[in-house]
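Text of query-v7.pdb (PDB, C-alpha atoms) as supplied:
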```
ATOM      1  CA  MET A 125     -18.888  -0.074  17.519
ATOM      2  CA  THR A 126     -17.186   2.744  15.691
ATOM      3  CA  SER A 127     -16.953   6.380  16.552
ATOM      4  CA  ALA A 128     -16.986   9.293  14.153
ATOM      5  CA  PRO A 129     -14.929  12.412  14.696
ATOM      6  CA  GLY A 130     -16.855  14.680  17.021
ATOM      7  CA  ALA A 131     -18.603  11.774  18.761
ATOM      8  CA  ASP A 132     -18.912  11.964  22.527
ATOM      9  CA  PRO A 133     -15.804  10.205  23.899
ATOM     10  CA  SER A 134     -17.608   9.637  27.178
ATOM     11  CA  ALA A 135     -19.973   7.110  25.608
ATOM     12  CA  MET A 136     -19.898   3.780  27.409
ATOM     13  CA  CYS A 137     -17.715   1.078  25.930
ATOM     14  CA  THR A 138     -20.162  -1.743  25.213
ATOM     15  CA  GLN A 139     -17.316  -4.202  24.779
ATOM     16  CA  CYS A 140     -15.646  -3.198  28.067
ATOM     17  CA  PRO A 141     -18.496  -2.633  30.568
ATOM     18  CA  ALA A 142     -16.102  -3.005  33.506
ATOM     19  CA  ILE A 143     -14.504   0.310  32.605
ATOM     20  CA  ALA A 144     -17.669   2.314  32.086
ATOM     21  CA  SER A 145     -16.901   4.299  35.234
ATOM     22  CA  ASP A 146     -13.418   5.023  33.875
ATOM     23  CA  VAL A 147     -14.681   6.666  30.694
ATOM     24  CA  ALA A 148     -18.233   7.747  31.396
ATOM     25  CA  ALA A 149     -17.655  10.939  33.336
ATOM     26  CA  PRO A 150     -15.288  13.381  31.661
ATOM     27  CA  THR A 151     -15.997  17.042  32.032
ATOM     28  CA  ALA A 152     -17.231  18.514  28.771
ATOM     29  CA  THR A 153     -15.184  21.544  27.986
ATOM     30  CA  THR A 154     -16.144  22.476  24.468
ATOM     31  CA  GLY A 155     -15.834  26.174  23.899
ATOM     32  CA  ASP A 156     -14.406  26.918  27.329
ATOM     33  CA  ASP A 157     -11.968  24.146  28.095
ATOM     34  CA  PRO A 158      -9.401  24.468  30.916
ATOM     35  CA  ALA A 159      -6.845  25.816  28.456
ATOM     36  CA  ALA A 160      -9.278  28.355  26.996
ATOM     37  CA  THR A 161      -8.092  31.364  28.935
ATOM     38  CA  THR A 162      -6.123  31.707  25.712
ATOM     39  CA  PRO A 163      -7.806  30.698  22.418
ATOM     40  CA  ARG A 164      -6.693  27.316  21.097
ATOM     41  CA  ARG A 165      -4.605  28.694  18.228
ATOM     42  CA  ARG A 166      -2.696  31.032  20.566
ATOM     43  CA  GLN A 167      -1.386  28.254  22.766
ATOM     44  CA  HIS A 168       1.694  26.112  22.562
ATOM     45  CA  LEU A 169       0.299  22.587  22.670
ATOM     46  CA  LEU A 170       1.609  19.036  22.863
ATOM     47  CA  ALA A 171      -0.484  16.144  21.548
ATOM     48  CA  VAL A 172      -0.133  12.531  22.631
ATOM     49  CA  ASP A 173      -1.241   9.418  20.733
ATOM     50  CA  VAL A 174      -1.043   6.634  23.347
ATOM     51  CA  GLY A 175      -0.557   3.052  22.216
ATOM     52  CA  ARG A 176       0.424  -0.185  23.885
ATOM     53  CA  VAL A 177       3.852  -0.279  22.171
ATOM     54  CA  ARG A 178       4.524   3.327  21.122
ATOM     55  CA  ILE A 179       3.476   6.889  21.949
ATOM     56  CA  GLY A 180       3.384   9.536  19.249
ATOM     57  CA  LEU A 181       3.972  13.203  20.086
ATOM     58  CA  ALA A 182       3.150  16.304  18.071
ATOM     59  CA  THR A 183       3.313  20.007  18.801
ATOM     60  CA  ALA A 184       1.816  23.267  17.636
ATOM     61  CA  THR A 185       3.120  26.726  18.394
ATOM     62  CA  PRO A 186       0.809  29.756  18.463
ATOM     63  CA  GLY A 187      -0.660  30.392  15.028
ATOM     64  CA  GLU A 188       1.047  27.369  13.447
ATOM     65  CA  ALA A 189      -0.258  24.008  12.249
ATOM     66  CA  ALA A 190       0.325  20.796  14.180
ATOM     67  CA  GLN A 191       3.690  19.143  13.470
ATOM     68  CA  PRO A 192       4.848  15.591  14.282
ATOM     69  CA  LEU A 193       7.519  15.649  16.983
ATOM     70  CA  GLU A 194       8.696  12.154  17.938
ATOM     71  CA  VAL A 195       7.747   8.558  18.686
ATOM     72  CA  LEU A 196       8.533   6.968  22.041
ATOM     73  CA  THR A 197       8.812   3.243  22.650
ATOM     74  CA  ARG A 198       6.718   2.489  25.741
ATOM     75  CA  LYS A 199       8.717   2.045  28.937
ATOM     76  CA  GLY A 200       5.909   2.331  31.472
ATOM     77  CA  THR A 201       3.569   5.122  32.490
ATOM     78  CA  ARG A 202       5.987   6.809  34.917
ATOM     79  CA  LYS A 203       8.958   6.883  32.551
ATOM     80  CA  ASP A 204       6.836   7.817  29.546
ATOM     81  CA  GLY A 205       5.082  10.510  31.569
ATOM     82  CA  ALA A 206       8.400  11.903  32.812
ATOM     83  CA  HIS A 207       9.646  12.169  29.216
ATOM     84  CA  ILE A 208       6.444  13.956  28.159
ATOM     85  CA  VAL A 209       6.661  16.356  31.116
ATOM     86  CA  ALA A 210      10.260  17.137  30.116
ATOM     87  CA  GLN A 211       9.048  17.860  26.567
ATOM     88  CA  LEU A 212       6.271  20.095  27.919
ATOM     89  CA  ASP A 213       8.847  22.056  29.918
ATOM     90  CA  ARG A 214      11.310  22.243  27.006
ATOM     91  CA  LEU A 215       8.629  23.431  24.588
ATOM     92  CA  GLY A 216       6.888  25.746  27.054
ATOM     93  CA  ALA A 217       3.577  24.071  26.246
ATOM     94  CA  ASN A 218       0.370  25.389  27.859
ATOM     95  CA  ALA A 219      -1.705  22.185  27.618
ATOM     96  CA  VAL A 220      -1.648  18.522  26.614
ATOM     97  CA  VAL A 221      -4.113  17.027  24.132
ATOM     98  CA  VAL A 222      -4.479  13.240  24.380
ATOM     99  CA  GLY A 223      -6.237  11.194  21.716
ATOM    100  CA  LEU A 224      -9.154   9.072  22.933
ATOM    101  CA  PRO A 225      -9.786   6.025  20.725
ATOM    102  CA  PRO A 226     -13.243   4.709  19.843
ATOM    103  CA  GLN A 227     -14.892   2.679  22.587
ATOM    104  CA  GLY A 228     -15.493  -0.502  20.560
ATOM    105  CA  ASP A 229     -12.297  -2.417  21.266
ATOM    106  CA  THR A 230     -12.282  -6.104  22.065
ATOM    107  CA  PRO A 231     -12.696  -7.109  25.736
ATOM    108  CA  GLY A 232      -9.479  -6.898  27.727
ATOM    109  CA  GLN A 233      -7.808  -4.645  25.151
ATOM    110  CA  CYS A 234      -9.714  -1.403  25.492
ATOM    111  CA  SER A 235      -7.484   1.313  24.061
ATOM    112  CA  ALA A 236      -9.839   3.990  25.375
ATOM    113  CA  ARG A 237      -9.180   2.792  28.915
ATOM    114  CA  LEU A 238      -5.418   2.870  28.307
ATOM    115  CA  ALA A 239      -5.542   6.410  26.908
ATOM    116  CA  ARG A 240      -7.795   7.707  29.681
ATOM    117  CA  ARG A 241      -5.652   6.224  32.445
ATOM    118  CA  PHE A 242      -2.490   7.582  30.834
ATOM    119  CA  ALA A 243      -4.098  11.031  30.569
ATOM    120  CA  GLU A 244      -5.106  10.876  34.250
ATOM    121  CA  ALA A 245      -1.560   9.902  35.258
ATOM    122  CA  LEU A 246      -0.145  12.711  33.120
ATOM    123  CA  ALA A 247      -2.534  15.195  34.750
ATOM    124  CA  ALA A 248      -1.236  14.096  38.167
ATOM    125  CA  MET A 249       2.417  14.540  37.101
ATOM    126  CA  GLN A 250       2.258  18.179  36.050
ATOM    127  CA  PRO A 251       0.034  21.290  36.413
ATOM    128  CA  ARG A 252      -1.037  21.907  32.794
ATOM    129  CA  PRO A 253      -4.539  21.025  31.584
ATOM    130  CA  VAL A 254      -4.855  17.592  29.998
ATOM    131  CA  LEU A 255      -7.632  17.298  27.421
ATOM    132  CA  LEU A 256      -9.103  14.280  25.650
ATOM    133  CA  VAL A 257     -10.051  14.576  21.977
ATOM    134  CA  ASP A 258     -11.664  11.914  19.784
ATOM    135  CA  GLU A 259      -8.955  10.236  17.723
ATOM    136  CA  ALA A 260     -11.138   7.950  15.601
ATOM    137  CA  GLY A 261      -9.458   7.233  12.294
ATOM    138  CA  THR A 262      -6.305   9.290  12.877
ATOM    139  CA  SER A 263      -3.943   6.303  12.617
ATOM    140  CA  VAL A 264      -5.557   5.203   9.352
ATOM    141  CA  GLU A 265      -5.320   8.774   8.006
ATOM    142  CA  ALA A 266      -1.668   8.967   9.094
ATOM    143  CA  GLU A 267      -0.862   5.626   7.440
ATOM    144  CA  GLN A 268      -2.493   6.761   4.200
ATOM    145  CA  GLU A 269      -0.607  10.068   4.282
ATOM    146  CA  LEU A 270       2.740   8.326   4.780
ATOM    147  CA  ARG A 271       1.958   5.768   2.064
ATOM    148  CA  ALA A 272       1.100   8.614  -0.352
ATOM    149  CA  LEU A 273       4.495  10.151   0.413
ATOM    150  CA  GLY A 274       6.095   6.901  -0.754
ATOM    151  CA  LEU A 275       7.476   5.763   2.590
ATOM    152  CA  ARG A 276       8.207   2.062   2.848
ATOM    153  CA  ALA A 277       6.473  -0.042   5.496
ATOM    154  CA  ALA A 278       9.326   0.074   8.032
ATOM    155  CA  ARG A 279       9.567   3.882   7.905
ATOM    156  CA  ARG A 280       5.764   4.245   8.050
ATOM    157  CA  LYS A 281       5.649   2.052  11.148
ATOM    158  CA  ARG A 282       8.210   4.295  12.886
ATOM    159  CA  ALA A 283       6.399   7.521  11.949
ATOM    160  CA  VAL A 284       2.677   6.734  12.007
ATOM    161  CA  ASP A 285       2.165   7.450  15.723
ATOM    162  CA  MET A 286       3.612  10.964  15.615
ATOM    163  CA  VAL A 287       1.677  11.773  12.438
ATOM    164  CA  ALA A 288      -1.495  10.481  14.136
ATOM    165  CA  ALA A 289      -0.699  12.744  17.124
ATOM    166  CA  ALA A 290      -0.446  15.683  14.712
ATOM    167  CA  ARG A 291      -3.867  14.726  13.312
ATOM    168  CA  ILE A 292      -5.318  14.656  16.841
ATOM    169  CA  LEU A 293      -3.858  18.085  17.544
ATOM    170  CA  ALA A 294      -5.168  19.445  14.232
ATOM    171  CA  ARG A 295      -8.664  18.295  15.245
ATOM    172  CA  TYR A 296      -8.377  20.113  18.554
ATOM    173  CA  LEU A 297      -7.151  23.273  16.828
ATOM    174  CA  ALA A 298     -10.100  23.040  14.411
ATOM    175  CA  GLY A 299     -12.536  23.109  17.335
ATOM    176  CA  GLU A 300     -13.121  19.405  18.018
ATOM    177  CA  PRO A 301     -14.820  18.994  21.417
ATOM    178  CA  ALA A 302     -12.355  18.459  24.251
ATOM    179  CA  PHE A 303     -12.904  16.860  27.650
ATOM    180  CA  GLY A 304     -10.818  17.796  30.682
ATOM    181  CA  VAL A 305      -9.128  15.046  32.675
ATOM    182  CA  ALA A 306      -8.875  14.995  36.458
ATOM    183  CA  PRO A 307      -5.582  13.723  37.910
ATOM    184  CA  GLN A 308      -5.470  10.042  38.785
ATOM    185  CA  THR A 309      -5.621   9.528  42.513
ATOM    186  CA  THR A 310      -4.573   6.518  44.531
ATOM    187  CA  ALA A 311      -6.849   5.375  47.290
TER     188      ALA A 311
END
```
Since I need it in another form, could you write the structure as structure tokens?
Amino acid sequence: MTSAPGADPSAMCTQCPAIASDVAAPTATTGDDPAATTPRRRQHLLAVDVGRVRIGLATATPGEAAQPLEVLTRKGTRKDGAHIVAQLDRLGANAVVVGLPPQGDTPGQCSARLARRFAEALAAMQPRPVLLVDEAGTSVEAEQELRALGLRAARRKRAVDMVAAARILARYLAGEPAFGVAPQTTA
């Protein structure tokens, strides 16, 4: 199953039915998302492209386009989240935009579940709104962009995640629907 940009990221993952409750109930916030007390282009934003091995970060300042920031090697949700919170503080960001992959991953490897859980943990670690935005195709677009710039495979591999995060953020800034994330709670 593939997802086109603008598709509802809350659609049930047919390959991962055990996580349907994890991804089926985001709060639609198009037009008036939690960060919308200020229009999207007037906010300082941080975007996150969550992967199993790396996390790409991008930023946008008010009135500016999204820019790649850095790539983190995964060290665990708490450490990765702490680094992102430090970046949010350093940048003075108003909100976090997290890319939500298509729901059609293979069983046991659902990237959408990983991204949603990371977004929930991030929401619990800090007070800023955390928003999910469809990221379908952003890694492929980023890879193509870096290839067109003439970067060799090793350099593309190191940069693709932050360029994909910039693509996710650009989608949000262009009005892509966003879904608010509630903090993860432990029972």
Can you work out the spacing between CA of Pro253 in chain A and CA of Arg202 in chain A in Å, to one decimal?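 Computed distance, CA of Pro253 in chain A to CA of Arg202 in chain A, equals 18.0 Å.
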**Prompt:** With distances taken over only C-alpha atoms, which of A:Arg241, A:Gln250, A:Thr197, A:Pro192 is nearest to Val220 in chain A?
**Reply:**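 Ranked by minimum distance to Val220 in chain A, first place goes to A:Gln250.
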Residues matched by the PyMOL selection byres ((chain A and resi 249) around 10) as a PyMOL selection string: chain A and resi 202+205-206+208-209+243-248+250-252+307-308
Just so the selection is clear, what residues does the PyMOL selection byres ((chain A and resi 169) around 7) cover here, as JSON, numbers by chain?
{"A": [167, 168, 170, 171, 183, 184, 185, 217, 218, 219, 220]}
For the residues selected in the previous step, produce a file with C-alpha atoms as a tab-separated table (two decimals), in the coordinates of the input.
```
chain	number	residue	atom	x	y	z
A	167	GLN	CA	-1.39	28.25	22.77
A	168	HIS	CA	1.69	26.11	22.56
A	170	LEU	CA	1.61	19.04	22.86
A	171	ALA	CA	-0.48	16.14	21.55
A	183	THR	CA	3.31	20.01	18.80
A	184	ALA	CA	1.82	23.27	17.64
A	185	THR	CA	3.12	26.73	18.39
A	217	ALA	CA	3.58	24.07	26.25
A	218	ASN	CA	0.37	25.39	27.86
A	219	ALA	CA	-1.70	22.18	27.62
A	220	VAL	CA	-1.65	18.52	26.61
```
*asked:* Report as a list of chain:residue names all protein, DNA and RNA residues lying within 12 Å of Arg279 in chain A, evaluated on all atoms listed in the file, omitting residues in the same chain fewer than 6 positions from it.
replied: A:Val195, A:Glu267, A:Leu270, A:Arg271, A:Leu273, A:Asp285
- Quick one: distance from CA of Ala182 in chain A to CA of Gln268 in chain A in Å, one decimal?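 So the answer is 17.8 Å.
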Separation of CA of Val174 in chain A and CA of Pro186 in chain A, in Å?
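CA of Pro186 in chain A lies at a distance of 23.7 Å from CA of Val174 in chain A.
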- Query: From the set A:Arg282, A:Arg240, A:Arg291, A:Arg214, which residue has the shortest atom-to-atom contact distance to Gln191 in chain A, counting only C-alpha atoms?
  - Reply: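 Among the listed residues, the smallest separation from Gln191 in chain A belongs to A:Arg291.
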Among A:Leu215, A:Ala306, A:Lys203, A:Gly299, Val254 in chain A is approached most closely, using only C-alpha atoms, by A:Ala306
Would you pick out the contacts of Asp258 in chain A at 6 Å or less, using all atoms listed in the file, so that residues sharing its chain but fewer than 2 positions from it are not included, and give the list as an mmCIF file with C-alpha atoms, in the frame of the given file?
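The new file part-v5.cif reads:
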```
data_model
loop_
_atom_site.group_PDB
_atom_site.id
_atom_site.type_symbol
_atom_site.label_atom_id
_atom_site.label_comp_id
_atom_site.auth_asym_id
_atom_site.auth_seq_id
_atom_site.Cartn_x
_atom_site.Cartn_y
_atom_site.Cartn_z
ATOM 1 C CA GLY A 223 -6.237 11.194 21.716
ATOM 2 C CA LEU A 224 -9.154 9.072 22.933
ATOM 3 C CA ALA A 260 -11.138 7.950 15.601
#
```
Across A:Ala210, A:Met286, A:Ala272, A:Ala189, the smallest distance to Val172 in chain A, with only C-alpha atoms counted, is shown by A:Met286
